$ cat final.txt   # compact mmCIF, C-alpha atoms and all ligand atoms
# COMPACT_ATOMS: atom_id res chain seq x y z
CA MET B 283 75.90 82.90 116.29
CA ARG B 284 78.47 82.83 119.03
CA ILE B 285 82.03 81.51 119.12
CA SER B 286 82.83 79.28 122.07
CA LYS B 287 85.99 79.69 124.09
CA ASN B 288 86.66 76.04 123.51
CA THR B 289 86.90 76.36 119.71
CA ILE B 290 89.24 79.30 120.11
CA ASP B 291 91.45 77.28 122.44
CA LEU B 292 91.61 74.43 119.94
CA HIS B 293 92.54 76.82 117.16
CA ASN B 294 95.26 78.38 119.33
CA GLU B 295 96.69 75.03 120.33
CA LYS B 296 97.33 74.18 116.69
CA LEU B 297 99.13 77.42 116.00
CA TYR B 298 100.90 77.84 119.32
CA ALA B 299 104.30 76.26 118.60
CA ALA B 300 104.90 78.35 115.48
CA HIS B 301 103.65 81.47 117.24
CA LYS B 302 105.89 80.89 120.25
CA ARG B 303 109.03 80.68 118.10
CA LYS B 304 108.30 84.04 116.51
CA PHE B 305 107.23 85.65 119.76
CA ASP B 306 110.25 84.45 121.76
CA PHE B 307 112.58 85.86 119.16
CA ILE B 308 111.04 89.32 119.06
CA ALA B 309 110.43 89.40 122.83
CA SER B 310 114.13 88.81 123.43
CA GLU B 311 114.83 92.07 121.63
CA ILE B 312 112.34 94.19 123.59
CA PRO B 313 113.15 94.80 127.26
CA GLN B 314 109.76 96.41 128.02
CA ILE B 315 107.78 93.63 126.29
CA GLU B 316 105.46 92.99 129.23
CA SER B 317 104.28 96.57 129.50
CA VAL B 318 103.76 96.77 125.73
CA ILE B 319 101.61 93.64 125.84
CA GLN B 320 99.61 95.04 128.74
CA GLN B 321 98.92 98.26 126.82
CA LEU B 322 97.88 96.28 123.75
CA ILE B 323 95.47 94.20 125.82
CA GLU B 324 93.87 97.34 127.21
CA PHE B 325 93.51 99.09 123.84
CA ASN B 326 90.10 98.93 122.20
CA VAL B 327 88.76 100.12 118.87
CA ALA B 328 85.02 100.73 118.47
CA ILE B 329 83.14 99.29 115.50
CA PRO B 330 80.52 101.48 113.81
CA SER B 331 77.07 99.98 113.41
CA TRP B 332 76.96 101.18 109.80
CA ALA B 333 80.02 99.23 108.70
CA LEU B 334 78.76 95.69 109.19
CA GLY B 335 77.16 95.40 105.79
CA THR B 336 78.74 95.62 102.36
CA GLY B 337 79.31 99.23 101.41
CA GLY B 338 79.27 100.66 97.97
CA THR B 339 79.40 103.77 95.91
CA ARG B 340 76.66 105.72 94.23
CA PHE B 341 77.11 103.35 91.28
CA GLY B 342 76.26 100.17 93.08
CA ARG B 343 76.41 97.91 96.08
CA PHE B 344 77.14 94.20 95.90
CA SER B 345 75.99 92.45 99.02
CA GLY B 346 77.96 89.40 100.05
CA GLY B 347 75.08 87.90 102.01
CA GLY B 348 74.46 87.20 105.66
CA GLU B 349 74.34 90.91 106.48
CA PRO B 350 72.79 91.81 109.83
CA ARG B 351 69.08 92.60 109.59
CA SER B 352 68.68 94.38 112.90
CA ILE B 353 70.56 96.23 115.59
CA GLU B 354 70.65 92.96 117.58
CA GLU B 355 72.37 91.16 114.71
CA LYS B 356 74.82 94.04 114.31
CA ILE B 357 75.71 93.70 117.97
CA GLU B 358 76.19 89.96 117.39
CA ASP B 359 78.59 90.67 114.54
CA VAL B 360 80.66 92.96 116.72
CA GLY B 361 80.55 90.21 119.35
CA LEU B 362 82.11 87.84 116.77
CA LEU B 363 84.91 90.29 116.04
CA HIS B 364 85.56 90.84 119.72
CA ALA B 365 85.59 87.11 120.48
CA LEU B 366 88.28 86.71 117.81
CA ASN B 367 90.52 89.70 118.48
CA GLN B 368 89.54 90.90 121.99
CA SER B 369 90.11 94.48 120.81
CA SER B 370 86.69 95.36 119.37
CA GLY B 371 84.68 95.53 122.56
CA SER B 372 82.44 98.45 121.68
CA ILE B 373 79.92 99.55 119.11
CA SER B 374 79.07 103.02 117.89
CA LEU B 375 75.47 103.55 116.79
CA HIS B 376 74.33 105.79 113.97
CA ILE B 377 70.86 107.12 114.49
CA PRO B 378 68.41 106.75 112.76
CA TRP B 379 70.11 103.91 110.85
CA ASP B 380 69.93 101.97 114.11
CA ILE B 381 67.33 103.02 116.61
CA PRO B 382 67.49 101.19 119.90
CA LYS B 383 64.00 100.38 121.16
CA ASP B 384 64.11 98.02 124.11
CA TYR B 385 67.14 99.51 125.89
CA ALA B 386 67.30 96.91 128.64
CA ALA B 387 67.24 94.02 126.17
CA ILE B 388 69.85 95.63 123.93
CA LEU B 389 72.12 96.40 126.85
CA ASN B 390 71.78 92.85 128.08
CA HIS B 391 72.56 91.45 124.66
CA ALA B 392 75.67 93.64 124.30
CA THR B 393 76.90 92.97 127.83
CA SER B 394 76.56 89.22 127.36
CA LEU B 395 79.02 89.54 124.44
CA GLY B 396 81.40 91.71 126.46
CA LEU B 397 80.49 94.88 124.54
CA ARG B 398 79.90 98.52 125.54
CA PHE B 399 78.34 101.40 123.61
CA ASP B 400 80.79 103.94 122.25
CA ALA B 401 79.95 107.44 120.94
CA VAL B 402 76.51 107.86 119.36
CA ASN B 403 76.30 109.52 115.94
CA SER B 404 73.62 111.83 114.64
CA ASN B 405 72.56 112.01 111.02
CA THR B 406 71.34 115.23 109.46
CA PHE B 407 72.96 114.52 106.11
CA GLN B 408 69.96 112.62 104.74
CA ASP B 409 66.22 113.15 104.84
CA GLN B 410 64.32 110.38 106.59
CA PRO B 411 60.98 109.05 105.25
CA ASN B 412 58.64 110.91 107.61
CA GLN B 413 60.78 113.96 108.14
CA GLN B 414 58.94 117.29 108.03
CA LEU B 415 61.62 119.64 106.70
CA SER B 416 64.46 118.87 104.28
CA TYR B 417 68.23 119.12 104.86
CA LYS B 418 68.89 119.76 101.19
CA PHE B 419 70.48 123.11 102.05
CA GLY B 420 72.06 122.06 105.31
CA SER B 421 70.97 121.34 108.84
CA LEU B 422 72.62 123.23 111.70
CA GLN B 423 73.72 125.97 109.26
CA ASN B 424 70.36 126.33 107.53
CA VAL B 425 69.04 129.82 106.78
CA ASN B 426 65.65 128.58 108.00
CA GLY B 427 65.42 128.56 111.80
CA LYS B 428 62.78 125.83 111.80
CA ILE B 429 65.12 123.46 109.98
CA ARG B 430 67.90 124.27 112.45
CA LYS B 431 65.51 123.53 115.31
CA GLN B 432 64.58 120.17 113.79
CA ALA B 433 68.26 119.24 113.44
CA ILE B 434 69.02 120.35 117.00
CA ALA B 435 66.11 118.28 118.31
CA HIS B 436 67.42 115.24 116.43
CA ASN B 437 70.85 115.61 118.03
CA ILE B 438 69.30 115.89 121.48
CA ASP B 439 67.24 112.81 120.74
CA VAL B 440 70.45 110.95 119.86
CA ILE B 441 72.02 112.04 123.17
CA ASN B 442 68.98 110.65 124.98
CA HIS B 443 69.31 107.28 123.27
CA GLY B 444 73.01 107.28 124.19
CA ILE B 445 72.29 108.03 127.84
CA GLU B 446 70.10 104.92 128.03
CA LEU B 447 72.89 102.75 126.61
CA GLY B 448 75.79 104.16 128.62
CA SER B 449 77.46 106.10 125.79
CA LYS B 450 79.54 109.07 126.85
CA ALA B 451 79.91 111.09 123.66
CA LEU B 452 77.98 112.47 120.71
CA THR B 453 79.74 112.63 117.35
CA VAL B 454 78.43 115.30 115.01
CA TRP B 455 79.42 115.05 111.39
CA LEU B 456 77.71 117.65 109.22
CA SER B 457 77.45 117.58 105.48
CA ASP B 458 76.53 121.27 105.65
CA GLY B 459 78.20 123.57 103.18
CA SER B 460 77.64 124.82 99.67
CA SER B 461 78.21 123.51 96.20
CA PHE B 462 78.51 126.81 94.32
CA PRO B 463 80.10 130.19 94.91
CA GLY B 464 77.60 132.69 96.24
CA GLN B 465 75.25 130.03 97.58
CA LEU B 466 76.16 130.67 101.19
CA ASN B 467 77.18 133.52 103.42
CA PHE B 468 80.15 131.82 105.12
CA ARG B 469 80.00 133.94 108.28
CA LYS B 470 76.28 133.42 108.77
CA ALA B 471 76.58 129.71 108.08
CA PHE B 472 79.30 129.46 110.72
CA GLN B 473 77.31 131.48 113.24
CA HIS B 474 74.13 129.50 112.73
CA THR B 475 76.06 126.27 113.13
CA LEU B 476 77.74 127.55 116.28
CA GLU B 477 74.41 128.66 117.80
CA SER B 478 72.87 125.29 116.99
CA LEU B 479 75.85 123.44 118.46
CA HIS B 480 75.53 125.56 121.63
CA GLU B 481 71.99 124.26 122.10
CA ILE B 482 73.11 120.68 121.58
CA TYR B 483 76.06 121.23 123.93
CA ALA B 484 73.66 122.47 126.62
CA ALA B 485 71.84 119.12 126.48
CA LEU B 486 75.00 117.07 127.19
CA PRO B 487 75.15 115.32 130.56
CA ALA B 488 78.00 116.45 132.82
CA ASP B 489 80.26 113.50 131.97
CA TRP B 490 79.67 113.60 128.20
CA LYS B 491 81.75 115.00 125.37
CA ILE B 492 80.78 116.27 121.94
CA PHE B 493 83.05 115.38 119.01
CA ILE B 494 83.02 117.79 116.08
CA GLU B 495 84.10 115.92 112.95
CA TYR B 496 85.40 117.87 109.98
CA LYS B 497 85.58 116.97 106.31
CA ALA B 498 87.13 118.93 103.45
CA PHE B 499 84.62 118.08 100.72
CA GLU B 500 81.67 115.87 99.85
CA PRO B 501 78.75 115.96 99.62
CA ASN B 502 79.26 119.69 99.17
CA PHE B 503 81.96 120.56 96.68
CA TYR B 504 82.55 124.30 97.04
CA SER B 505 82.61 124.81 100.80
CA MET B 506 82.08 122.75 103.92
CA THR B 507 80.93 124.52 107.06
CA VAL B 508 83.12 122.26 109.23
CA GLY B 509 85.74 121.75 106.54
CA ASP B 510 89.02 121.33 108.38
CA TRP B 511 90.58 121.02 111.81
CA GLY B 512 90.91 124.80 112.12
CA GLN B 513 87.18 125.30 111.75
CA SER B 514 86.39 122.36 114.01
CA LEU B 515 88.77 123.69 116.65
CA LEU B 516 87.12 127.12 116.44
CA TYR B 517 83.75 125.53 117.22
CA ALA B 518 85.23 123.33 119.95
CA ASN B 519 86.98 126.26 121.64
CA LYS B 520 83.89 128.46 121.50
CA LEU B 521 81.63 125.69 122.79
CA GLY B 522 83.64 124.84 125.90
CA PRO B 523 85.52 122.09 127.72
CA LYS B 524 83.26 119.23 126.66
CA ALA B 525 83.82 119.89 122.94
CA TYR B 526 86.65 118.30 120.95
CA THR B 527 87.84 117.94 117.36
CA LEU B 528 87.46 114.52 115.75
CA VAL B 529 89.91 113.45 113.06
CA ASP B 530 88.70 111.09 110.34
CA LEU B 531 91.72 110.02 108.27
CA GLY B 532 89.87 110.30 104.97
CA HIS B 533 88.57 113.81 105.50
CA HIS B 534 91.60 115.82 104.44
CA LEU B 535 92.80 117.30 101.20
CA PRO B 536 95.43 115.11 99.50
CA ASN B 537 98.81 114.91 101.26
CA ALA B 538 97.70 116.76 104.39
CA ASN B 539 100.13 116.20 107.24
CA ILE B 540 97.72 114.46 109.59
CA GLU B 541 100.38 113.58 112.15
CA GLN B 542 101.13 117.26 112.63
CA ILE B 543 97.42 118.05 113.04
CA VAL B 544 97.20 115.38 115.73
CA ALA B 545 100.23 116.71 117.58
CA LEU B 546 98.79 120.22 117.72
CA LEU B 547 95.28 119.14 118.71
CA LEU B 548 96.77 117.11 121.55
CA MET B 549 98.87 120.09 122.57
CA GLU B 550 95.67 122.13 122.84
CA GLY B 551 93.91 119.36 124.79
CA LYS B 552 91.26 119.29 122.06
CA LEU B 553 91.73 115.98 120.25
CA ALA B 554 88.55 113.93 120.52
CA GLY B 555 89.90 110.84 118.87
CA PHE B 556 89.86 109.07 115.54
CA HIS B 557 87.85 107.58 112.76
CA PHE B 558 90.32 105.18 111.17
CA ASN B 559 90.31 104.19 107.50
CA ASP B 560 92.69 104.53 104.58
CA SER B 561 92.52 106.21 101.21
CA LYS B 562 94.28 106.76 97.94
CA TYR B 563 92.29 109.76 96.74
CA GLY B 564 89.63 111.15 99.08
CA ASP B 565 87.21 109.75 101.62
CA ASP B 566 87.73 106.28 100.17
CA ASP B 567 87.02 104.54 103.49
CA LEU B 568 89.35 101.65 102.67
CA THR B 569 90.81 99.13 105.12
CA VAL B 570 93.07 100.79 107.70
CA GLY B 571 96.73 100.41 106.77
CA SER B 572 96.01 99.06 103.30
CA ILE B 573 97.41 102.03 101.37
CA LYS B 574 99.60 104.15 103.67
CA PRO B 575 100.80 102.08 106.64
CA TYR B 576 103.79 104.37 107.26
CA GLN B 577 101.48 107.35 107.65
CA LEU B 578 99.40 105.37 110.13
CA PHE B 579 102.53 104.62 112.13
CA LEU B 580 103.63 108.28 112.06
CA ILE B 581 100.19 109.29 113.36
CA PHE B 582 100.38 106.76 116.19
CA ASN B 583 103.86 107.96 116.94
CA GLU B 584 102.50 111.48 117.53
CA LEU B 585 99.50 110.12 119.42
CA VAL B 586 101.65 108.18 121.87
CA GLU B 587 104.10 111.06 122.27
CA GLY B 588 101.30 113.59 122.84
CA MET B 589 99.20 111.36 125.10
CA ASN B 590 102.25 110.65 127.27
CA ALA B 591 103.14 114.35 127.42
CA HIS B 592 99.63 115.08 128.69
CA GLY B 593 99.36 112.09 131.01
CA LEU B 594 96.42 110.68 129.06
CA ASN B 595 95.30 107.08 129.36
CA HIS B 596 95.86 105.62 125.89
CA ALA B 597 92.92 103.26 126.04
CA GLN B 598 90.32 105.47 127.66
CA ASP B 599 90.87 109.18 127.21
CA LEU B 600 90.40 109.43 123.45
CA GLY B 601 87.76 107.92 121.16
CA TRP B 602 89.09 105.22 118.79
CA MET B 603 86.84 104.00 116.06
CA ILE B 604 86.96 102.46 112.60
CA ASP B 605 84.98 104.32 109.98
CA ALA B 606 85.39 102.30 106.82
CA SER B 607 83.27 100.85 104.09
CA HIS B 608 83.77 97.45 102.48
CA ASN B 609 82.97 97.44 98.81
CA VAL B 610 84.56 94.18 97.68
CA LYS B 611 85.50 92.37 100.90
CA ASP B 612 83.59 90.50 103.56
CA PRO B 613 82.88 93.30 106.06
CA LEU B 614 83.89 91.24 109.08
CA GLU B 615 87.18 90.13 107.54
CA ASP B 616 87.86 93.72 106.51
CA LEU B 617 87.21 94.95 110.05
CA LEU B 618 89.55 92.29 111.46
CA GLN B 619 92.25 93.52 109.08
CA SER B 620 91.65 97.14 110.12
CA VAL B 621 91.86 96.43 113.83
CA GLU B 622 95.04 94.41 113.30
CA ALA B 623 96.61 97.30 111.37
CA ILE B 624 95.75 99.69 114.19
CA MET B 625 97.19 97.40 116.85
CA ILE B 626 100.43 96.98 114.89
CA ALA B 627 100.83 100.73 114.40
CA TYR B 628 100.09 101.32 118.08
CA ALA B 629 102.60 98.64 119.15
CA GLN B 630 105.25 100.19 116.91
CA ALA B 631 104.58 103.65 118.32
CA LEU B 632 104.98 102.30 121.85
CA LEU B 633 108.43 101.04 120.90
CA VAL B 634 109.85 104.21 119.36
CA ASP B 635 113.03 105.10 121.21
CA ARG B 636 111.89 108.54 122.37
CA THR B 637 115.16 109.41 124.11
CA LYS B 638 117.15 108.77 120.95
CA LEU B 639 114.59 110.60 118.84
CA SER B 640 114.60 113.67 121.01
CA GLU B 641 118.43 113.69 121.12
CA ALA B 642 118.47 113.52 117.32
CA GLN B 643 115.96 116.36 117.14
CA SER B 644 117.93 118.53 119.60
CA SER B 645 121.10 118.15 117.58
CA ASN B 646 119.40 118.54 114.19
CA ASP B 647 120.55 115.04 113.28
CA VAL B 648 117.96 114.42 110.58
CA VAL B 649 119.43 111.09 109.55
CA ALA B 650 119.41 109.70 113.09
CA ALA B 651 115.80 110.83 113.59
CA GLN B 652 114.70 109.04 110.45
CA GLU B 653 116.65 105.93 111.51
CA VAL B 654 114.83 105.82 114.84
CA LEU B 655 111.40 105.98 113.21
CA GLN B 656 112.09 103.62 110.34
CA ASP B 657 113.91 101.11 112.49
CA THR B 658 110.74 100.73 114.55
CA PHE B 659 108.42 100.82 111.56
CA ARG B 660 110.36 98.04 109.89
CA THR B 661 110.27 95.79 112.94
CA ASP B 662 107.73 93.02 112.53
CA LEU B 663 105.55 93.16 115.66
CA ARG B 664 102.76 90.87 114.50
CA ALA B 665 103.76 88.17 116.99
CA VAL B 666 103.60 90.72 119.83
CA VAL B 667 100.08 91.75 118.83
CA ALA B 668 99.14 88.07 118.51
CA GLU B 669 100.54 87.32 121.97
CA ALA B 670 98.42 90.14 123.47
CA ARG B 671 95.37 88.71 121.72
CA LEU B 672 96.16 85.21 122.96
CA ARG B 673 96.56 86.35 126.56
CA ALA B 674 93.27 88.27 126.35
CA GLY B 675 91.46 85.12 125.17
CA GLY B 676 91.29 85.84 121.44
CA ALA B 677 92.41 83.81 118.42
CA LEU B 678 96.02 83.69 117.24
CA ASP B 679 94.83 84.04 113.65
CA PRO B 680 91.38 85.70 113.61
CA ILE B 681 90.87 85.62 109.84
CA GLY B 682 92.10 82.02 109.63
CA PHE B 683 89.64 81.07 112.35
CA TYR B 684 86.82 82.94 110.60
CA ARG B 685 87.47 81.06 107.36
CA ASP B 686 88.13 77.62 108.88
CA HIS B 687 84.86 77.83 110.77
CA ALA B 688 82.95 79.11 107.72
CA ILE B 689 81.41 81.92 109.75
CA ARG B 690 80.10 83.84 106.75
CA GLU B 691 78.46 80.71 105.41
CA SER B 692 76.70 80.18 108.77
CA LEU B 693 75.55 83.80 108.78
CA ILE B 694 74.14 83.41 105.26
CA LYS B 695 72.29 80.27 106.33
CA GLU B 696 70.87 82.06 109.33
CA ARG B 697 70.05 85.42 107.74
CA GLY B 698 69.76 84.80 104.03
CA SER B 699 71.80 86.12 101.14
CA LYS B 700 69.70 89.01 99.95
CA ASN B 701 69.37 91.44 102.85
CA ASN B 702 71.18 94.77 103.00
CA ALA B 703 72.22 96.08 106.40
CA THR B 704 71.32 99.70 107.13
CA GLY B 705 74.25 102.06 106.88
CA LEU B 706 76.61 103.33 104.24
C1 LIG M 1 80.91 110.60 106.90
C2 LIG M 1 81.68 110.69 108.21
C3 LIG M 1 80.90 110.25 109.39
C4 LIG M 1 80.10 109.02 109.13
C5 LIG M 1 79.35 109.11 107.83
C6 LIG M 1 78.59 107.84 107.55
O1 LIG M 1 81.76 110.76 105.80
O2 LIG M 1 82.89 109.99 108.12
O3 LIG M 1 81.75 110.00 110.48
O4 LIG M 1 79.18 108.97 110.17
O5 LIG M 1 80.23 109.38 106.79
MN MN M 2 83.92 109.57 110.05
MN MN M 3 83.94 109.80 106.05
$ encode --input "final.txt" --output "structure tokens" --more "lines below"
Ligand code: RM4
Ligand code: MN
Ligand code: MN
Amino acid sequence: MRISKNTIDLHNEKLYAAHKRKFDFIASEIPQIESVIQQLIEFNVAIPSWALGTGGTRFGRFSGGGEPRSIEEKIEDVGLLHALNQSSGSISLHIPWDIPKDYAAILNHATSLGLRFDAVNSNTFQDQPNQQLSYKFGSLQNVNGKIRKQAIAHNIDVINHGIELGSKALTVWLSDGSSFPGQLNFRKAFQHTLESLHEIYAALPADWKIFIEYKAFEPNFYSMTVGDWGQSLLYANKLGPKAYTLVDLGHHLPNANIEQIVALLLMEGKLAGFHFNDSKYGDDDLTVGSIKPYQLFLIFNELVEGMNAHGLNHAQDLGWMIDASHNVKDPLEDLLQSVEAIMIAYAQALLVDRTKLSEAQSSNDVVAAQEVLQDTFRTDLRAVVAEARLRAGGALDPIGFYRDHAIRESLIKERGSKNNATGL
């Protein structure tokens, strides 16, 4: 299904007067409002192809119905999100959960919805039905050279799919590691992984990047071979200029200072970008901003500061993606909430008074520094984000539109209520 521009205009007309009152008030307080709106319009967050169905845990999965049955339907779902918020104009494929076959048709389909293909993701954390050798004891780290070769070949295959679709990056997340002391020789595991990554790196086209994603635990519980940003950065530095460290918010040990990690990775020119989600305990993959919105703001504050210091283009030079799972919510509503949370945090970070903050820092005025950050964090910028969405052609209230137009019900009618989308 597609949403027509006309229905969005009608929706916006109804909400416009109330929106304008709120927007005019906040705009009168922000001298640089136009440039903030422009930056918000340009910002885009990719949607992963594996997050369009209902997620679950190892205990169960409760599908809400209408889930996409094919890569084409997943692209359509992202098209719906993008039509509503104008900030979800790209899709990130996970292979082999989604294998593109007819490239030209898929590209056409995506382009007609205003979508591009973001980073492609490899998967060597599961065995596939016809796979020859098992990844039970790891993939790129494996003690068996034949298994490493198979995993390398898969990654190169993923790059080749990405080339056909116009992707520009490969994201490698490895579940490699060990679950018990003594199981693994750490040094050898690292070296095998590095050698394997070198071979994958050599297959990257000139204008591609490789993102090395780290994770502290799970599925291995004693050691992870790319377990933290230090290890990821070691790989990225050894591999070369096309390799970067990818931060997934849920992949840290509890209470890690993620904003500091971001600042240092940017300083080193090695931050690939983000997988956004939120968590209470571990890799919970909850809606962005649902648990720790202040942390999200502090991260964006460092991102904006660091990107400006390095002259990076906020919208284009780093990879922005949601990596969440939706266990009890409608996946599309959940994704709309996540994108909105990201846009709000980004807008707030753009408005931090950096001159005042750096003066407070230079004079060790801790109170003033906190005031600067919290003053911005406590400013309600929802109307500014809505105005950017309106000007870009999106809906003033995406979730309201989605519900008023009974989009899930239409999807269930079209696709049925029993299917499970491939993915998490
Ligand atoms: C991992 C990691 C990867 C994602 C898989 C599905 O925990 O976050 O980015 O591809 O899950
Ligand atoms: Mn991730
Ligand atoms: Mn994860």
$ closest_residue --input "final.txt" --among "B:His687, B:Lys431, B:Lys450, B:His596" --to "B:Arg398" --atoms "all atoms listed in the file"
B:Lys450
$ axis_aligned_box --input "final.txt" --around "ligand LIG 1 (chain M)" --padding-each-side "5 Å" --output "AutoDock Vina command-line options"
--center_x 80.7 --center_y 109.3 --center_z 108.1 --size_x 14.3 --size_y 12.9 --size_z 14.7
$ residues_around --input "final.txt" --residues "stretch 690-700 of chain B" --least-positions-apart "2" --cutoff "9 Å" --atoms "all atoms listed in the file" --output "MDAnalysis selection string"
chainID B and resid 283 345:351 612 614 684:685 687:688 702
$ closest_residue --input "final.txt" --among "B:His376, B:His592, B:Lys428, B:Arg660" --to "ligand MN 2 (chain M)" --atoms "all atoms listed in the file"
B:His376
$ closest_atom_pairs --input "final.txt" --of "stretch 332-390 of chain B" --to "stretch 605-608 of chain B" --cutoff "9 Å" --atoms "only C-alpha atoms" --output "tab-separated table"
residue	atom	partner	partner_atom	distance
B:Trp332	CA	B:Ser607	CA	8.5
B:Ala333	CA	B:Ser607	CA	5.9
B:Leu334	CA	B:Ser607	CA	8.5
B:Gly335	CA	B:His608	CA	7.7
B:Thr336	CA	B:His608	CA	5.4
B:Gly337	CA	B:His608	CA	4.9
B:Gly338	CA	B:His608	CA	7.1
$ closest_atom_pairs --input "final.txt" --of "chain B" --to "ligand MN 3 (chain M)" --cutoff "7 Å" --atoms "all atoms listed in the file" --output "tab-separated table"
residue	atom	partner	partner_atom	distance
B:Asp530	CA	M:MN3	MN	6.5
B:Gly532	CA	M:MN3	MN	6.0
B:His533	CA	M:MN3	MN	6.1
B:Asp565	CA	M:MN3	MN	5.5
B:Asp567	CA	M:MN3	MN	6.6
B:Asp605	CA	M:MN3	MN	6.8
$ write_last_selection --input "final.txt" --atoms "C-alpha atoms" --output "short mmCIF file (atom, residue, chain, number, x, y, z; two decimals), in the frame of the given file"
data_model
loop_
_atom_site.label_atom_id
_atom_site.label_comp_id
_atom_site.auth_asym_id
_atom_site.auth_seq_id
_atom_site.Cartn_x
_atom_site.Cartn_y
_atom_site.Cartn_z
CA ASP B 530 88.70 111.09 110.34
CA GLY B 532 89.87 110.30 104.97
CA HIS B 533 88.57 113.81 105.50
CA ASP B 565 87.21 109.75 101.62
CA ASP B 567 87.02 104.54 103.49
CA ASP B 605 84.98 104.32 109.98
#
$ atom_distance --input "final.txt" --atom1 "atom CA of B:Leu456" --atom2 "atom CA of B:Gly564"
16.9 Å
$ residues_near_point --input "final.txt" --point "(97.0, 98.4, 121.2)" --cutoff "6 Å" --atoms "all atoms listed in the file" --output "PyMOL selection string"
chain B and resi 321-322+325+625+628-629
$ residues_around --input "final.txt" --residues "B:Ala387" --least-positions-apart "3" --cutoff "12 Å" --atoms "all atoms listed in the file" --output "ChimeraX atom specification"
/B:353-354,357,382-384,390-394,446-447
$ atom_distance --input "final.txt" --atom1 "atom CA of B:Leu639" --atom2 "atom CA of B:Ile308"
21.6 Å
$ residues_near_ligand --input "final.txt" --ligand "ligand MN 2 (chain M)" --cutoff "9 Å" --atoms "all atoms listed in the file" --output "mmCIF file with C-alpha atoms, in the coordinates of the input"
data_model
loop_
_atom_site.group_PDB
_atom_site.id
_atom_site.type_symbol
_atom_site.label_atom_id
_atom_site.label_comp_id
_atom_site.auth_asym_id
_atom_site.auth_seq_id
_atom_site.Cartn_x
_atom_site.Cartn_y
_atom_site.Cartn_z
ATOM 1 C CA THR B 453 79.740 112.630 117.350
ATOM 2 C CA TRP B 455 79.420 115.050 111.390
ATOM 3 C CA GLU B 495 84.100 115.920 112.950
ATOM 4 C CA TYR B 496 85.400 117.870 109.980
ATOM 5 C CA LYS B 497 85.580 116.970 106.310
ATOM 6 C CA LEU B 528 87.460 114.520 115.750
ATOM 7 C CA VAL B 529 89.910 113.450 113.060
ATOM 8 C CA ASP B 530 88.700 111.090 110.340
ATOM 9 C CA LEU B 531 91.720 110.020 108.270
ATOM 10 C CA GLY B 532 89.870 110.300 104.970
ATOM 11 C CA HIS B 533 88.570 113.810 105.500
ATOM 12 C CA PHE B 556 89.860 109.070 115.540
ATOM 13 C CA HIS B 557 87.850 107.580 112.760
ATOM 14 C CA PHE B 558 90.320 105.180 111.170
ATOM 15 C CA ASN B 559 90.310 104.190 107.500
ATOM 16 C CA ASP B 567 87.020 104.540 103.490
ATOM 17 C CA MET B 603 86.840 104.000 116.060
ATOM 18 C CA ILE B 604 86.960 102.460 112.600
ATOM 19 C CA ASP B 605 84.980 104.320 109.980
ATOM 20 C CA ALA B 606 85.390 102.300 106.820
#
$ atom_distance --input "final.txt" --atom1 "atom CA of B:Val440" --atom2 "atom CA of B:Ile377"
6.6 Å
$ closest_residue --input "final.txt" --among "B:Val649, B:Val318, B:Ile429, B:Leu366" --to "B:Asp409" --atoms "all atoms listed in the file"
B:Ile429
$ residues_around --input "final.txt" --residues "B:Arg671" --least-positions-apart "2" --cutoff "9 Å" --atoms "all atoms listed in the file" --output "PDB file with C-alpha atoms, keeping the file's coordinate frame"
ATOM      1  CA  ILE B 319     101.610  93.640 125.840  1.00  0.00           C
ATOM      2  CA  LEU B 322      97.880  96.280 123.750  1.00  0.00           C
ATOM      3  CA  ILE B 323      95.470  94.200 125.820  1.00  0.00           C
ATOM      4  CA  LEU B 366      88.280  86.710 117.810  1.00  0.00           C
ATOM      5  CA  ASN B 367      90.520  89.700 118.480  1.00  0.00           C
ATOM      6  CA  GLN B 368      89.540  90.900 121.990  1.00  0.00           C
ATOM      7  CA  SER B 369      90.110  94.480 120.810  1.00  0.00           C
ATOM      8  CA  VAL B 666     103.600  90.720 119.830  1.00  0.00           C
ATOM      9  CA  VAL B 667     100.080  91.750 118.830  1.00  0.00           C
ATOM     10  CA  ALA B 668      99.140  88.070 118.510  1.00  0.00           C
ATOM     11  CA  GLU B 669     100.540  87.320 121.970  1.00  0.00           C
ATOM     12  CA  ARG B 673      96.560  86.350 126.560  1.00  0.00           C
ATOM     13  CA  ALA B 674      93.270  88.270 126.350  1.00  0.00           C
ATOM     14  CA  GLY B 675      91.460  85.120 125.170  1.00  0.00           C
ATOM     15  CA  GLY B 676      91.290  85.840 121.440  1.00  0.00           C
ATOM     16  CA  ALA B 677      92.410  83.810 118.420  1.00  0.00           C
ATOM     17  CA  LEU B 678      96.020  83.690 117.240  1.00  0.00           C
TER      18      LEU B 678
END
$ closest_residue --input "final.txt" --among "B:Asn426, B:Gln656, B:Ser620, B:Asn405" --to "ligand LIG 1 (chain M)" --atoms "all atoms listed in the file"
B:Asn405
$ closest_residue --input "final.txt" --among "B:Thr661, B:Ile285, B:Ser449, B:Lys304" --to "B:Glu358" --atoms "all atoms listed in the file"
B:Ile285
$ closest_residue --input "final.txt" --among "B:Ile445, B:Thr637, B:Trp379, B:Ala545" --to "B:Ala703" --atoms "all atoms listed in the file"
B:Trp379
$ residues_around --input "final.txt" --residues "stretch 549-551 of chain B" --least-positions-apart "5" --cutoff "9 Å" --atoms "only C-alpha atoms" --output "list of chain:residue names"
B:Tyr526, B:Val544, B:Gly588, B:Ala591, B:His592
